[in-house]
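What follows is a set of notes on a single structure, which appears directly below.
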Amino acid sequence: MEKDRRRSMEKLAATYRERSDRFDMLKEKQKAGIQPAPKELKDLKRELEMDEHKIEPGELAARLQTSLSLGLSADVVHFKQQTFGPNELTPPPQEPEWRKFMRQLTQFFSLLLIAGSVLSFIGYGLSSTDPSNLYIAVVLLIVVLLTATFSYLQDRSSSKVMEKFRNFLPQQATVIRGGVKAKIAARDIVPGDLVEIIGGDKIPADVRIVSTTGLKVDNSSLTGEPEPQARAIKMSHENPLETKNLAFFGTLATEGQALALVFQTGDRTVISQIAGLASQTSEEETTLHREIHHFVKIITAFALISGFVFLAVGLGITKGAVISNLIFMIGIIVANVPEGLLPTVTVSLALTAKRMASKNVLVKTLECVETLGSTTTICSDKTGTLTQNVMTIAHLWYDSRIFKCQTSTQVAEFDPASPTYLALRRVAILCNRAVFRKDGEQTDAEFEAQPIDQRKTIGDASETGIIKFCQKQIDIMQFREQHPKLFEIPFNSINKFQVSVHSLPGDPRHLVVMKGAPERVFGRCTRYVQNGEELPITDEFRRSFQTNYEALGAMGERVLGFAYQHIAAPTEPGFAYQNDEVSGSNFPMEGHTFVGFMALIDPPRPSVPQAVKDCKIAGIKVIMVTGDHPITAEAIARQVGIITGETAEDIAKREGVPVASVAPGRAQAIVIHGEQIKEFQLEDWNRVLAYPQIVFARTSPQQKLLIVENCQRRNEIVAVTGDGVNDSPALKKANIGVAMGIAGSDVSKEAADLILLDDNFSSIVLGVEEGRLIFHNLKKSISYTLVHILPEIIPYVVYIILGLPIALTTLLILVIDLGTDMFPSICLAYEPAESDIMLRPPRNAMTDKMVTDRLISRSYLQLGVIETLGAFFAFFVVMAEFNLPPWMLVGTVATFPDENVVLGGLGFKERLAALEQAQTAYFVAIVICQLASLLSSKTTKMSLAEHGLRKNMRLLYGIIAGLVLVVLVVYVPALNMVFSTQPLPLVHWLPSIPFSFLIFFYEELRKLVMRLSPMGFIERHTYY
């Protein structure tokens, strides 16, 4: 017998392990850092498949080898603990800190600089007499290390967030084992345990309800429904997440009590499956990462091509001087690398992240800042994101009329002195179990001073909404004290109403008050109140009741009906009100007087409608994706402006025709139920996502993930907002995930890239603007930085081709790249947005690149050419003053450094001093021309006069810092020795100034032509 029982238990364990093996395998792979196979991930994306809610409790108990009255025996518990392990979620593996640092060290841009450093080391090895290549190699490595360290520290400071999964684990649970009730550690629960749940408990595992007395569970983090859901014994829905006879690990029991049977624990629970789906979902590459990769490829190709071209030219001219030509090839390749751009990009992103933090947006990784600016579609959760996750009275119905109440989107219009309203309010206050409570050690004075909407309460969401509404007009606790409760029948899911009996001040009668489902309450009424007068219910009033009930329901609101009846106070000694299933109640439950409705809804956050409007103006589609009911979802979507047009159902109802007869394309909006998604094919996705206004309702976590993936398949850059565990897979898969900081679950915060610290959806709009701004400002920085590349390369070119002395030394190139240019370039990150930045559509990430052929043309072939001419003009002016005109310098590669040769009457030392002064003039000329290039880079289309100079005073500080560095390098003797410079007479600063003005006026003229001729030839070929 014992052997058969053990064999049966082993079979049970095998059955349950077979179902969860794929999750265990994925967990192990996750720990080992192995990505799941596509088929394994597809399994995770499948809808929940279970039958525990479909079979009878007795059958489930037999399957689990347990008893519905006694629970598990001690030996079975021990066996199951060995088989199933502890009831806790395995946290995702933490990436080692050294790997995080290495990831920063091996970014595309860093690898480019490291390659440049390696080439410079090779160049130094080929010719160790010239230390310039060594200097470059060391400096490039220092730049990479410093930048990687800065990025690592920035990301580390943003990611000190969560002990995510363990917050879901209840610490203690009450179980019945062997007929004995005991409190045990929740981690020791096993499948088959009989657990007792009371209001305030966290559900300790996935459980099947065996018996219940008014148990309600907050499922908002799983399903998105804002109001606690009643639990029952019988199955109410095929979908496990929808049925009322299951409760899931980590959700909260808000009230009531129940006896439940555990059928899944730990990593086999529903919440673990969702968390597993999030952790195994691949992260999308950020748009900025793609852009930098694209830029690095362009620069690398250009550097290699130019290097090899001039190697071939040099070999042809010098007839076989291989080593020297290899050194110059390396020099040209390295000169093409913009050394200062990596720290510029990194610091600019960090500054933007800091600016966003001041607006309550926490940036977890720097690169994701720009992605938000590229967003084309926002898939937003409803509950807690678009709405406040607080049930609020939105409408009243009494005296045969609907009245609005004060919410975030409407103004109150009812009369608080109306006798019918006062009767409605009386019932609402008395037939209500919710109460206010102090928060921690809050004093009475602090409690009274606290805004009513912010006060803590005990009670379900609807009753809480009612007492907060009424408290603004009358002290509800004092009112209740004046009407003592004598008896109460709590709300239950069968009767769907709540009744209580009260004594009345100064009145010998008692008052029976009733609240509940309107049709149930109305069915027990024979009279109604109209303008304070009780009248018999008529057919006309019945029609008015039904019409207004349906109207409020169609708004997605939860409607409650209220009624009362005065009864004579009992005179029998020892009389007590009672109600039981056998004899019924000993007071009237029929013949009440109907007062009216109160309709509640989780209202939108006040700033959301304007934020949605701003998104639409910016060309961003906002899609609602929620687990809530379609009617509620559509109602909120209309309130916040996600839906403004008609659905096919609206058109069909208006025209009195079947929905199927409404022609495709006529409807601007569509509402899709999660059940429909299960049957979707590729063409269905394309059809639905083509609608401009979309709401997905009753969606599961797997379906939210599918919605994101199909949007991305259509080349959309998708941002996902959410606060629940059910949102985490979609948050992880999105191009950028945005979690709520206050109401958001730890799992959702972990999966997200940005966290809204104030839970304010409108912060996303600020983030979009910042994202677009950083993209444009980085584009300006890159364009500005690339201008000086040409005047840094050309001296090497003319050295090889014309035999001229080098016009710019390697060390001075580093001063420009990492000093005089970098300060202003970083300050461009503070450049304010151009006035139309949020009026433009989102950039096309496939075609609108950060570095385009037009940007390269402007930097290299337009401004770069002018700057090169200005720099060489200054160089030749200085050399001419030393009696070394340009034609005399041609072909002096071999003779210029010869100590025995006299050129222009100058010996070697005089020639060297002249060359150093001319090189200093060339260096100063680049800096002066870059000032004009910098000012021109402040705008891409607007005139600088219109945009203004004072909007970014930090740019002035950057210019001053750059000029101070130039003065130090030129005039400080110690630095003259280090950088081989010579003090310049003031007159030698002047030759490049006309070229600087030429750059400025050329750019202003180009922008003027673009403004006068939009999309004309100039804009098509030069706008970057």
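Identifiers in the structure tokens: chain A, B, ... in order shown; residue index from 1 per chain; ligand index from 1 in order shown.
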Fill in: Expected answer as a ChimeraX atom specification: helix (DSSP H, G or I) residues in region 487-696 of chain A
/A:518-522,539-554,608-617,630-640,648-655,659-661,674-677,682-689
Practice prompt. For region 1013-1019 of chain A, please output as a list in words all residues within 12 Å (counting only C-alpha atoms; exclusion window: fewer than 6 positions along the same chain).
Written response: Arg854, Leu855, Arg858, Thr940, Lys941, Glu1003, Leu1005, Arg1006 and Lys1007 of chain A
Item to complete: Between A:Arg638, A:Arg605, A:Arg666, A:Arg103, single out the one closest to Leu386 (chain A), counting only C-alpha atoms.
Response: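 Selected residue with least distance to Leu386 (chain A): A:Arg605.
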Discussion item. Residues within 9 Å of region 887-895 of chain A, please, as a VMD selection string. Count only C-alpha atoms; anything in the same chain fewer than 3 positions from it doesn't count.
Written reply: chain A and resid 799 to 806 884 898 to 904
Worksheet entry | Nearest candidate to Leu111 (chain A) (options A:Ala618, A:Leu140, A:Ala412, A:Leu935; using only C-alpha atoms) |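 Among A:Ala618, A:Leu140, A:Ala412, A:Leu935, it is A:Leu140 that comes nearest to Leu111 (chain A).
Each of A:Leu119, A:Leu261, A:Ala186, A:Met977 was compared to Ala61 (chain A) using only C-alpha atoms, and A:Leu261 turns out to be the nearest.
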Practice prompt. Using backbone DSSP assignments, extract all strand (DSSP E or B) residues from region 362-531 of chain A; output them as JSON, numbers by chain.
Written response: {"A": [362, 363, 377, 378, 379, 380, 387, 392, 393, 394, 395, 396, 397, 398, 401, 402, 403, 404, 407, 410, 435, 436, 437, 456, 457, 458, 485, 486, 487, 488, 489, 497, 498, 499, 500, 501, 502, 503, 504, 507, 508, 509, 510, 511, 512, 513, 514, 515, 516, 525, 526, 527, 528, 529, 530]}
Worksheet item: Looking at A:Leu766, A:Leu778, A:Leu965, A:Val138, which one is nearest to Met356 (chain A), with distances taken over only C-alpha atoms?
Response: A:Leu766
Discussion item. Let me make sure I understand: among A:Ile631, A:Ala652, A:Val559, A:Ala253, which one has the smallest atom-to-atom distance to Gly459 (chain A) if we use only C-alpha atoms?
Written reply: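 Using only C-alpha atoms, Gly459 (chain A) sits closest to A:Ala253.
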